[in-house]
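Content type PDB, C-alpha atoms and all ligand atoms, from the file target_20.pdb:
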MODEL        1
ATOM      1  CA  MET Z1278       8.005   5.790  17.426  1.00  0.00           C
ATOM      2  CA  GLU Z1279       8.368   9.278  18.885  1.00  0.00           C
ATOM      3  CA  GLU Z1280       5.998  11.822  17.343  1.00  0.00           C
ATOM      4  CA  SER Z1281       7.601  15.113  16.387  1.00  0.00           C
ATOM      5  CA  VAL Z1282       6.112  18.585  16.579  1.00  0.00           C
ATOM      6  CA  TRP Z1283       6.045  18.614  12.787  1.00  0.00           C
ATOM      7  CA  PHE Z1284       4.060  15.392  12.611  1.00  0.00           C
ATOM      8  CA  LYS Z1285       1.584  16.474  15.275  1.00  0.00           C
ATOM      9  CA  LYS Z1286       0.967  19.695  13.365  1.00  0.00           C
ATOM     10  CA  ILE Z1287       0.374  17.761  10.123  1.00  0.00           C
ATOM     11  CA  GLU Z1288      -1.921  15.257  11.812  1.00  0.00           C
ATOM     12  CA  ASN Z1289      -3.878  18.021  13.476  1.00  0.00           C
ATOM     13  CA  GLN Z1290      -4.212  19.920  10.219  1.00  0.00           C
ATOM     14  CA  ILE Z1291      -5.473  16.829   8.423  1.00  0.00           C
ATOM     15  CA  MET Z1292      -8.006  16.100  11.151  1.00  0.00           C
ATOM     16  CA  VAL Z1293      -9.292  19.696  11.022  1.00  0.00           C
ATOM     17  CA  GLN Z1294      -9.740  19.429   7.250  1.00  0.00           C
ATOM     18  CA  ASN Z1295     -11.279  16.029   7.761  1.00  0.00           C
ATOM     19  CA  GLU Z1296     -14.111  17.556   9.804  1.00  0.00           C
ATOM     20  CA  ARG Z1297     -15.259  19.205   6.587  1.00  0.00           C
ATOM     21  CA  LEU Z1298     -15.002  16.026   4.499  1.00  0.00           C
ATOM     22  CA  TYR Z1299     -17.516  13.255   4.217  1.00  0.00           C
ATOM     23  CA  LYS Z1300     -16.621  10.152   6.154  1.00  0.00           C
ATOM     24  CA  LYS Z1301     -16.558   8.080   2.999  1.00  0.00           C
ATOM     25  CA  ASP Z1302     -14.111  10.508   1.395  1.00  0.00           C
ATOM     26  CA  PHE Z1303     -11.699   9.995   4.276  1.00  0.00           C
ATOM     27  CA  LYS Z1304     -11.711   6.287   3.528  1.00  0.00           C
ATOM     28  CA  PHE Z1305     -11.981   6.487  -0.220  1.00  0.00           C
ATOM     29  CA  TYR Z1306      -9.042   8.846  -0.641  1.00  0.00           C
ATOM     30  CA  HIS Z1307      -6.877   7.047   1.912  1.00  0.00           C
ATOM     31  CA  VAL Z1308      -6.464  10.074   4.120  1.00  0.00           C
ATOM     32  CA  ASP Z1309      -5.386   7.738   6.946  1.00  0.00           C
ATOM     33  CA  THR Z1310      -2.578   6.549   4.658  1.00  0.00           C
ATOM     34  CA  LEU Z1311      -1.473  10.148   4.223  1.00  0.00           C
ATOM     35  CA  ILE Z1312      -1.144  10.465   8.009  1.00  0.00           C
ATOM     36  CA  LYS Z1313       0.804   7.201   8.253  1.00  0.00           C
ATOM     37  CA  LEU Z1314       3.081   8.245   5.383  1.00  0.00           C
ATOM     38  CA  ALA Z1315       3.708  11.614   7.018  1.00  0.00           C
ATOM     39  CA  LYS Z1316       4.892   9.827  10.151  1.00  0.00           C
ATOM     40  CA  ARG Z1317       7.344   7.655   8.228  1.00  0.00           C
ATOM     41  CA  VAL Z1318       8.637  10.453   6.019  1.00  0.00           C
ATOM     42  CA  ASP Z1319       9.240  12.510   9.142  1.00  0.00           C
ATOM     43  CA  SER Z1320      11.266   9.769  10.819  1.00  0.00           C
ATOM     44  CA  PHE Z1321      13.381   9.123   7.696  1.00  0.00           C
ATOM     45  CA  SER Z1322      13.898  12.780   6.830  1.00  0.00           C
ATOM     46  CA  THR Z1323      16.989  13.208   8.995  1.00  0.00           C
ATOM     47  CA  ASP Z1324      18.928  10.751   6.800  1.00  0.00           C
ATOM     48  CA  CYS Z1325      17.064  10.833   3.498  1.00  0.00           C
ATOM     49  CA  ALA Z1326      17.198  13.775   1.096  1.00  0.00           C
ATOM     50  CA  THR Z1327      14.057  12.657  -0.737  1.00  0.00           C
ATOM     51  CA  CYS Z1328      12.046  12.480   2.467  1.00  0.00           C
ATOM     52  CA  LYS Z1329      13.325  15.912   3.398  1.00  0.00           C
ATOM     53  CA  TYR Z1330      12.112  17.133   0.015  1.00  0.00           C
ATOM     54  CA  LEU Z1331       8.745  15.374   0.484  1.00  0.00           C
ATOM     55  CA  LYS Z1332       7.989  17.110   3.789  1.00  0.00           C
ATOM     56  CA  PRO Z1333       6.971  20.472   2.282  1.00  0.00           C
ATOM     57  CA  ASN Z1334       4.814  18.492  -0.184  1.00  0.00           C
ATOM     58  CA  ILE Z1335       3.030  16.817   2.711  1.00  0.00           C
ATOM     59  CA  GLU Z1336       2.574  20.180   4.387  1.00  0.00           C
ATOM     60  CA  GLU Z1337       1.049  21.567   1.226  1.00  0.00           C
ATOM     61  CA  ILE Z1338      -1.305  18.585   0.794  1.00  0.00           C
ATOM     62  CA  SER Z1339      -2.471  18.667   4.400  1.00  0.00           C
ATOM     63  CA  GLU Z1340      -3.072  22.420   4.287  1.00  0.00           C
ATOM     64  CA  ASN Z1341      -5.183  22.104   1.149  1.00  0.00           C
ATOM     65  CA  LEU Z1342      -6.688  18.678   1.692  1.00  0.00           C
ATOM     66  CA  TYR Z1343     -10.264  19.897   1.662  1.00  0.00           C
ATOM     67  CA  GLU Z1344      -9.730  21.857  -1.541  1.00  0.00           C
ATOM     68  CA  TYR Z1345      -8.068  18.860  -3.183  1.00  0.00           C
ATOM     69  CA  LEU Z1346     -10.842  16.444  -2.347  1.00  0.00           C
ATOM     70  CA  LYS Z1347     -13.803  18.766  -2.719  1.00  0.00           C
ATOM     71  CA  GLY Z1348     -12.528  20.216  -5.953  1.00  0.00           C
ATOM     72  CA  ASP Z1349     -12.916  18.877  -9.465  1.00  0.00           C
ATOM     73  CA  VAL Z1350     -11.583  15.640 -10.908  1.00  0.00           C
ATOM     74  CA  ILE Z1351      -8.269  17.247 -11.835  1.00  0.00           C
ATOM     75  CA  SER Z1352      -7.518  18.355  -8.281  1.00  0.00           C
ATOM     76  CA  ARG Z1353      -8.452  14.910  -6.913  1.00  0.00           C
ATOM     77  CA  LYS Z1354      -6.127  13.334  -9.455  1.00  0.00           C
ATOM     78  CA  LYS Z1355      -3.379  15.698  -8.340  1.00  0.00           C
ATOM     79  CA  TYR Z1356      -3.901  14.576  -4.750  1.00  0.00           C
ATOM     80  CA  GLU Z1357      -3.729  10.905  -5.735  1.00  0.00           C
ATOM     81  CA  LYS Z1358      -0.586  11.503  -7.766  1.00  0.00           C
ATOM     82  CA  LYS Z1359       1.132  13.230  -4.857  1.00  0.00           C
ATOM     83  CA  LEU Z1360       0.093  10.477  -2.469  1.00  0.00           C
ATOM     84  CA  ASP Z1361       1.388   7.823  -4.889  1.00  0.00           C
ATOM     85  CA  GLU Z1362       4.713   9.605  -5.194  1.00  0.00           C
ATOM     86  CA  ILE Z1363       5.217   9.504  -1.417  1.00  0.00           C
ATOM     87  CA  ASN Z1364       3.962   5.925  -1.168  1.00  0.00           C
ATOM     88  CA  ASP Z1365       6.307   4.764  -3.943  1.00  0.00           C
ATOM     89  CA  HIS Z1366       9.334   6.291  -2.288  1.00  0.00           C
ATOM     90  CA  ILE Z1367       8.511   4.857   1.142  1.00  0.00           C
ATOM     91  CA  ARG Z1368       7.921   1.414  -0.353  1.00  0.00           C
ATOM     92  CA  LYS Z1369      10.844   1.240  -2.787  1.00  0.00           C
ATOM     93  CA  VAL Z1370      13.548   3.010  -0.844  1.00  0.00           C
ATOM     94  CA  HIS Z1371      12.580   2.427   2.783  1.00  0.00           C
ATOM     95  CA  GLN Z1372      10.849  -0.927   2.278  1.00  0.00           C
ATOM     96  CA  ILE Z1373       7.732   0.021   4.209  1.00  0.00           C
ATOM     97  CA  PHE Z1374       4.733  -1.837   2.849  1.00  0.00           C
ATOM     98  CA  PRO Z1375       0.942  -1.628   3.025  1.00  0.00           C
ATOM     99  CA  LYS Z1376      -0.749  -4.129   5.341  1.00  0.00           C
ATOM    100  CA  GLN Z1377      -0.935  -7.689   4.010  1.00  0.00           C
ATOM    101  CA  TYR Z1378       1.315  -6.693   1.121  1.00  0.00           C
ATOM    102  CA  ASN Z1379       2.873 -10.124   0.687  1.00  0.00           C
ATOM    103  CA  LEU Z1380      -0.368 -11.975   1.330  1.00  0.00           C
ATOM    104  CA  SER Z1381      -2.014 -10.292  -1.667  1.00  0.00           C
ATOM    105  CA  LEU Z1382       1.127 -10.430  -3.792  1.00  0.00           C
ATOM    106  CA  TYR Z1383       1.889 -14.116  -3.218  1.00  0.00           C
ATOM    107  CA  SER Z1384      -1.764 -15.190  -3.412  1.00  0.00           C
ATOM    108  CA  PHE Z1385      -1.837 -13.642  -6.853  1.00  0.00           C
ATOM    109  CA  LEU Z1386       1.507 -15.150  -7.903  1.00  0.00           C
ATOM    110  CA  GLY Z1387       0.508 -18.534  -6.467  1.00  0.00           C
ATOM    111  CA  VAL Z1388      -2.762 -18.610  -8.380  1.00  0.00           C
ATOM    112  CA  ALA Z1389      -1.111 -17.454 -11.615  1.00  0.00           C
ATOM    113  CA  GLY Z1390       1.715 -19.971 -11.255  1.00  0.00           C
ATOM    114  CA  GLY Z1391      -0.669 -22.740 -10.189  1.00  0.00           C
ATOM    115  CA  LEU Z1392      -2.945 -22.213 -13.174  1.00  0.00           C
ATOM    116  CA  ILE Z1393      -0.048 -22.329 -15.640  1.00  0.00           C
ATOM    117  CA  PHE Z1394       1.698 -25.237 -13.969  1.00  0.00           C
ATOM    118  CA  GLY Z1395      -1.484 -27.248 -13.318  1.00  0.00           C
ATOM    119  CA  SER Z1396      -2.782 -26.934 -16.863  1.00  0.00           C
ATOM    120  CA  LEU Z1397       0.627 -27.656 -18.361  1.00  0.00           C
ATOM    121  CA  ILE Z1398       1.132 -30.832 -16.336  1.00  0.00           C
ATOM    122  CA  ALA Z1399      -2.419 -31.988 -17.089  1.00  0.00           C
ATOM    123  CA  PHE Z1400      -1.930 -31.214 -20.761  1.00  0.00           C
ATOM    124  CA  LEU Z1401       1.269 -33.251 -20.887  1.00  0.00           C
ATOM    125  CA  ILE Z1402      -0.306 -36.215 -19.087  1.00  0.00           C
ATOM    126  CA  ASP Z1403      -3.707 -36.209 -20.739  1.00  0.00           C
ATOM    127  CA  LYS Z1404      -5.423 -33.402 -22.663  1.00  0.00           C
ATOM    128  CA  ASN Z1405      -8.790 -34.395 -21.145  1.00  0.00           C
ATOM    129  CA  PHE Z1406      -7.621 -33.415 -17.676  1.00  0.00           C
ATOM    130  CA  VAL Z1407      -6.754 -29.792 -18.374  1.00  0.00           C
ATOM    131  CA  LYS Z1408      -9.878 -28.573 -16.538  1.00  0.00           C
ATOM    132  CA  GLN Z1409      -9.009 -30.619 -13.441  1.00  0.00           C
ATOM    133  CA  GLY Z1410      -5.421 -29.429 -13.739  1.00  0.00           C
ATOM    134  CA  LEU Z1411      -6.599 -25.828 -13.683  1.00  0.00           C
ATOM    135  CA  ILE Z1412      -8.760 -26.406 -10.609  1.00  0.00           C
ATOM    136  CA  LEU Z1413      -5.988 -28.195  -8.712  1.00  0.00           C
ATOM    137  CA  GLY Z1414      -3.402 -25.654  -9.829  1.00  0.00           C
ATOM    138  CA  PHE Z1415      -5.628 -22.823  -8.619  1.00  0.00           C
ATOM    139  CA  ALA Z1416      -6.232 -24.463  -5.233  1.00  0.00           C
ATOM    140  CA  PHE Z1417      -2.617 -25.440  -4.555  1.00  0.00           C
ATOM    141  CA  GLY Z1418      -1.288 -22.168  -5.922  1.00  0.00           C
ATOM    142  CA  LEU Z1419      -3.600 -20.166  -3.679  1.00  0.00           C
ATOM    143  CA  ILE Z1420      -2.759 -22.218  -0.580  1.00  0.00           C
ATOM    144  CA  ALA Z1421       1.004 -22.085  -1.233  1.00  0.00           C
ATOM    145  CA  GLY Z1422       0.845 -18.369  -2.053  1.00  0.00           C
ATOM    146  CA  ARG Z1423      -1.069 -17.577   1.128  1.00  0.00           C
ATOM    147  CA  ILE Z1424       1.342 -19.552   3.291  1.00  0.00           C
ATOM    148  CA  ILE Z1425       4.423 -17.879   1.782  1.00  0.00           C
ATOM    149  CA  GLY Z1426       2.742 -14.467   1.924  1.00  0.00           C
ATOM    150  CA  LYS Z1427       1.798 -14.911   5.574  1.00  0.00           C
ATOM    151  CA  ILE Z1428       5.334 -15.956   6.538  1.00  0.00           C
ATOM    152  CA  LYS Z1429       6.805 -12.965   4.716  1.00  0.00           C
ATOM    153  CA  ASP Z1430       4.227 -10.601   6.230  1.00  0.00           C
ATOM    154  CA  ASN Z1431       5.019 -11.896   9.705  1.00  0.00           C
ATOM    155  CA  SER Z1432       8.683 -11.052   9.313  1.00  0.00           C
ATOM    156  CA  LEU Z1433       7.788  -7.584   7.990  1.00  0.00           C
ATOM    157  CA  LYS Z1434       5.570  -7.085  11.022  1.00  0.00           C
ATOM    158  CA  LYS Z1435       8.388  -8.081  13.363  1.00  0.00           C
ATOM    159  CA  GLU Z1436      10.662  -5.532  11.708  1.00  0.00           C
ATOM    160  CA  ASP Z1437       7.970  -2.825  11.960  1.00  0.00           C
ATOM    161  CA  ARG Z1438       7.928  -2.446   8.207  1.00  0.00           C
ATOM    162  CA  PHE Z1439       4.186  -2.067   7.758  1.00  0.00           C
ATOM    163  CA  LEU Z1440       2.633   1.286   7.185  1.00  0.00           C
ATOM    164  CA  ASN Z1441       0.787   1.901  10.442  1.00  0.00           C
TER     165      ASN Z1441
HETATM  166 ZN    ZN K1501      13.223   8.737   2.076  1.00  0.00          ZN
ENDMDL
END
Show me, as structure tokens, the structure contained in the file I just sent.
Ligand SMILES: [Zn+2]
Amino acid sequence: MEESVWFKKIENQIMVQNERLYKKDFKFYHVDTLIKLAKRVDSFSTDCATCKYLKPNIEEISENLYEYLKGDVISRKKYEKKLDEINDHIRKVHQIFPKQYNLSLYSFLGVAGGLIFGSLIAFLIDKNFVKQGLILGFAFGLIAGRIIGKIKDNSLKKEDRFLN
């Protein structure tokens, strides 16, 4: 993906502010995600009105990043809210997902489904086997969920639809 002048300016600004932040803050507040989001928003902004509208927001966040993260709880919450807003749009409208999105999603769904299904089947067969049913349901659900999640993640990766 070609990097625009706008993006380079944003990235540079964030890195300058980052010098003043603690290393753990950079990780904790997902500042790297902000950079990745900026790149995507920039590339979609020629065709997407919302992305075009989000660009000044990103400029504002990157200019004031240090103030946001070094300030009080309210200003940190504001930062998180703004980041979420951008993330939501990129995920819902442009179908760009965080890394291992499907792996976590389907592992969770698999386990939840496995627990319900396993205990139900065991209950119907013999009430004394509900515990075993739960264990088996958990194991199979997790395995199935991980396999499906991995397959789906692989196709996202091929289509360059991970946030990176
Ligand atoms: Zn957009």
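You can rank Z:Lys1347, Z:His1371, Z:His1307, Z:Arg1353 by their closest distance to ligand ZN 1501 (chain K) using all atoms listed in the file, and at the top of that list sits Z:His1371.
Note on the selection: in this file the PyMOL selection byres (((chain Z and resi 1333-1339) around 9) and not hetatm) comes out as Ile1287, Glu1288, Gln1290, Ile1291, Gln1294, Leu1311, Leu1314, Ala1315, Lys1329, Tyr1330, Leu1331, Lys1332, Glu1340, Asn1341, Leu1342, Tyr1343, Tyr1345, Tyr1356, Lys1359, Leu1360 and Ile1363 of chain Z.
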Report as a ChimeraX atom specification the full result of the PyMOL selection byres (((not hetatm)) within 12 of (chain K and resi 1501)) when it is applied to this structure.
/Z:1314-1332,1362-1373
Written selection (C-alpha atoms) as a short mmCIF file (atom, residue, chain, number, x, y, z; two decimals), in the frame of the given file:
data_model
loop_
_atom_site.label_atom_id
_atom_site.label_comp_id
_atom_site.auth_asym_id
_atom_site.auth_seq_id
_atom_site.Cartn_x
_atom_site.Cartn_y
_atom_site.Cartn_z
CA LEU Z 1314 3.08 8.24 5.38
CA ALA Z 1315 3.71 11.61 7.02
CA LYS Z 1316 4.89 9.83 10.15
CA ARG Z 1317 7.34 7.66 8.23
CA VAL Z 1318 8.64 10.45 6.02
CA ASP Z 1319 9.24 12.51 9.14
CA SER Z 1320 11.27 9.77 10.82
CA PHE Z 1321 13.38 9.12 7.70
CA SER Z 1322 13.90 12.78 6.83
CA THR Z 1323 16.99 13.21 8.99
CA ASP Z 1324 18.93 10.75 6.80
CA CYS Z 1325 17.06 10.83 3.50
CA ALA Z 1326 17.20 13.78 1.10
CA THR Z 1327 14.06 12.66 -0.74
CA CYS Z 1328 12.05 12.48 2.47
CA LYS Z 1329 13.32 15.91 3.40
CA TYR Z 1330 12.11 17.13 0.02
CA LEU Z 1331 8.74 15.37 0.48
CA LYS Z 1332 7.99 17.11 3.79
CA GLU Z 1362 4.71 9.60 -5.19
CA ILE Z 1363 5.22 9.50 -1.42
CA ASN Z 1364 3.96 5.92 -1.17
CA ASP Z 1365 6.31 4.76 -3.94
CA HIS Z 1366 9.33 6.29 -2.29
CA ILE Z 1367 8.51 4.86 1.14
CA ARG Z 1368 7.92 1.41 -0.35
CA LYS Z 1369 10.84 1.24 -2.79
CA VAL Z 1370 13.55 3.01 -0.84
CA HIS Z 1371 12.58 2.43 2.78
CA GLN Z 1372 10.85 -0.93 2.28
CA ILE Z 1373 7.73 0.02 4.21
#
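Computed from the coordinates, the CA of Val1350 in chain Z to CA of Pro1375 in chain Z distance equals 25.5 Å.
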In Å to one decimal, how far is CA of Lys1358 in chain Z from CA of Tyr1299 in chain Z?
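For CA of Tyr1299 in chain Z relative to CA of Lys1358 in chain Z, the distance reads 20.8 Å.
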Atom-to-atom span, CA of Ala1416 in chain Z and CA of Leu1380 in chain Z, Å:
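CA of Leu1380 in chain Z lies 15.3 Å from CA of Ala1416 in chain Z.
For the residues Z:Ile1393, Z:Ile1420, Z:Val1293, Z:Leu1382, ranking by smallest atom-to-atom distance to Val1407 in chain Z using only C-alpha atoms places Z:Ile1393 first.
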Would you mind telling me which residue in Z:Ile1425, Z:Leu1413, Z:Ile1351, Z:Ile1312 lies nearest to Phe1394 in chain Z when using all atoms listed in the file?
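Among the listed residues, Z:Leu1413 lies closest to Phe1394 in chain Z.
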Counting all atoms listed in the file, which residues have an atom no more than 8 Å from (2.9, -9.1, 2.3) in the file's coordinates? Please list them as a PDB file with C-alpha atoms, keeping the file's coordinate frame.
ATOM      1  CA  PHE Z1374       4.733  -1.837   2.849  1.00  0.00           C
ATOM      2  CA  PRO Z1375       0.942  -1.628   3.025  1.00  0.00           C
ATOM      3  CA  LYS Z1376      -0.749  -4.129   5.341  1.00  0.00           C
ATOM      4  CA  GLN Z1377      -0.935  -7.689   4.010  1.00  0.00           C
ATOM      5  CA  TYR Z1378       1.315  -6.693   1.121  1.00  0.00           C
ATOM      6  CA  ASN Z1379       2.873 -10.124   0.687  1.00  0.00           C
ATOM      7  CA  LEU Z1380      -0.368 -11.975   1.330  1.00  0.00           C
ATOM      8  CA  SER Z1381      -2.014 -10.292  -1.667  1.00  0.00           C
ATOM      9  CA  LEU Z1382       1.127 -10.430  -3.792  1.00  0.00           C
ATOM     10  CA  TYR Z1383       1.889 -14.116  -3.218  1.00  0.00           C
ATOM     11  CA  GLY Z1426       2.742 -14.467   1.924  1.00  0.00           C
ATOM     12  CA  LYS Z1427       1.798 -14.911   5.574  1.00  0.00           C
ATOM     13  CA  LYS Z1429       6.805 -12.965   4.716  1.00  0.00           C
ATOM     14  CA  ASP Z1430       4.227 -10.601   6.230  1.00  0.00           C
ATOM     15  CA  LEU Z1433       7.788  -7.584   7.990  1.00  0.00           C
TER      16      LEU Z1433
END
Among listed residues Z:Gly1410, Z:Leu1440, Z:Ser1384, Z:Ser1281, nearest Asp1309 in chain Z (using only C-alpha atoms)
Z:Leu1440
For Leu1346 in chain Z, which residue out of Z:Lys1285, Z:Lys1435, Z:Lys1408, Z:Arg1297 is the nearest one, using only C-alpha atoms?
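Of Z:Lys1285, Z:Lys1435, Z:Lys1408, Z:Arg1297, the one nearest Leu1346 in chain Z is Z:Arg1297, counting only C-alpha atoms.
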9 Å contact set for Gly1390 in chain Z, all atoms listed in the file, chain neighbours under 5 positions out, as an MDAnalysis selection string:
chainID Z and resid 1385 1395 1414:1415 1418
Report as AutoDock Vina command-line options the centre and the edge lengths, in Å to one decimal, of the axis-aligned box holding every listed atom of range 1303-1321 of chain Z, padded by 5 Å on each side.
--center_x 0.7 --center_y 9.4 --center_z 5.1 --size_x 35.4 --size_y 16.2 --size_z 21.5
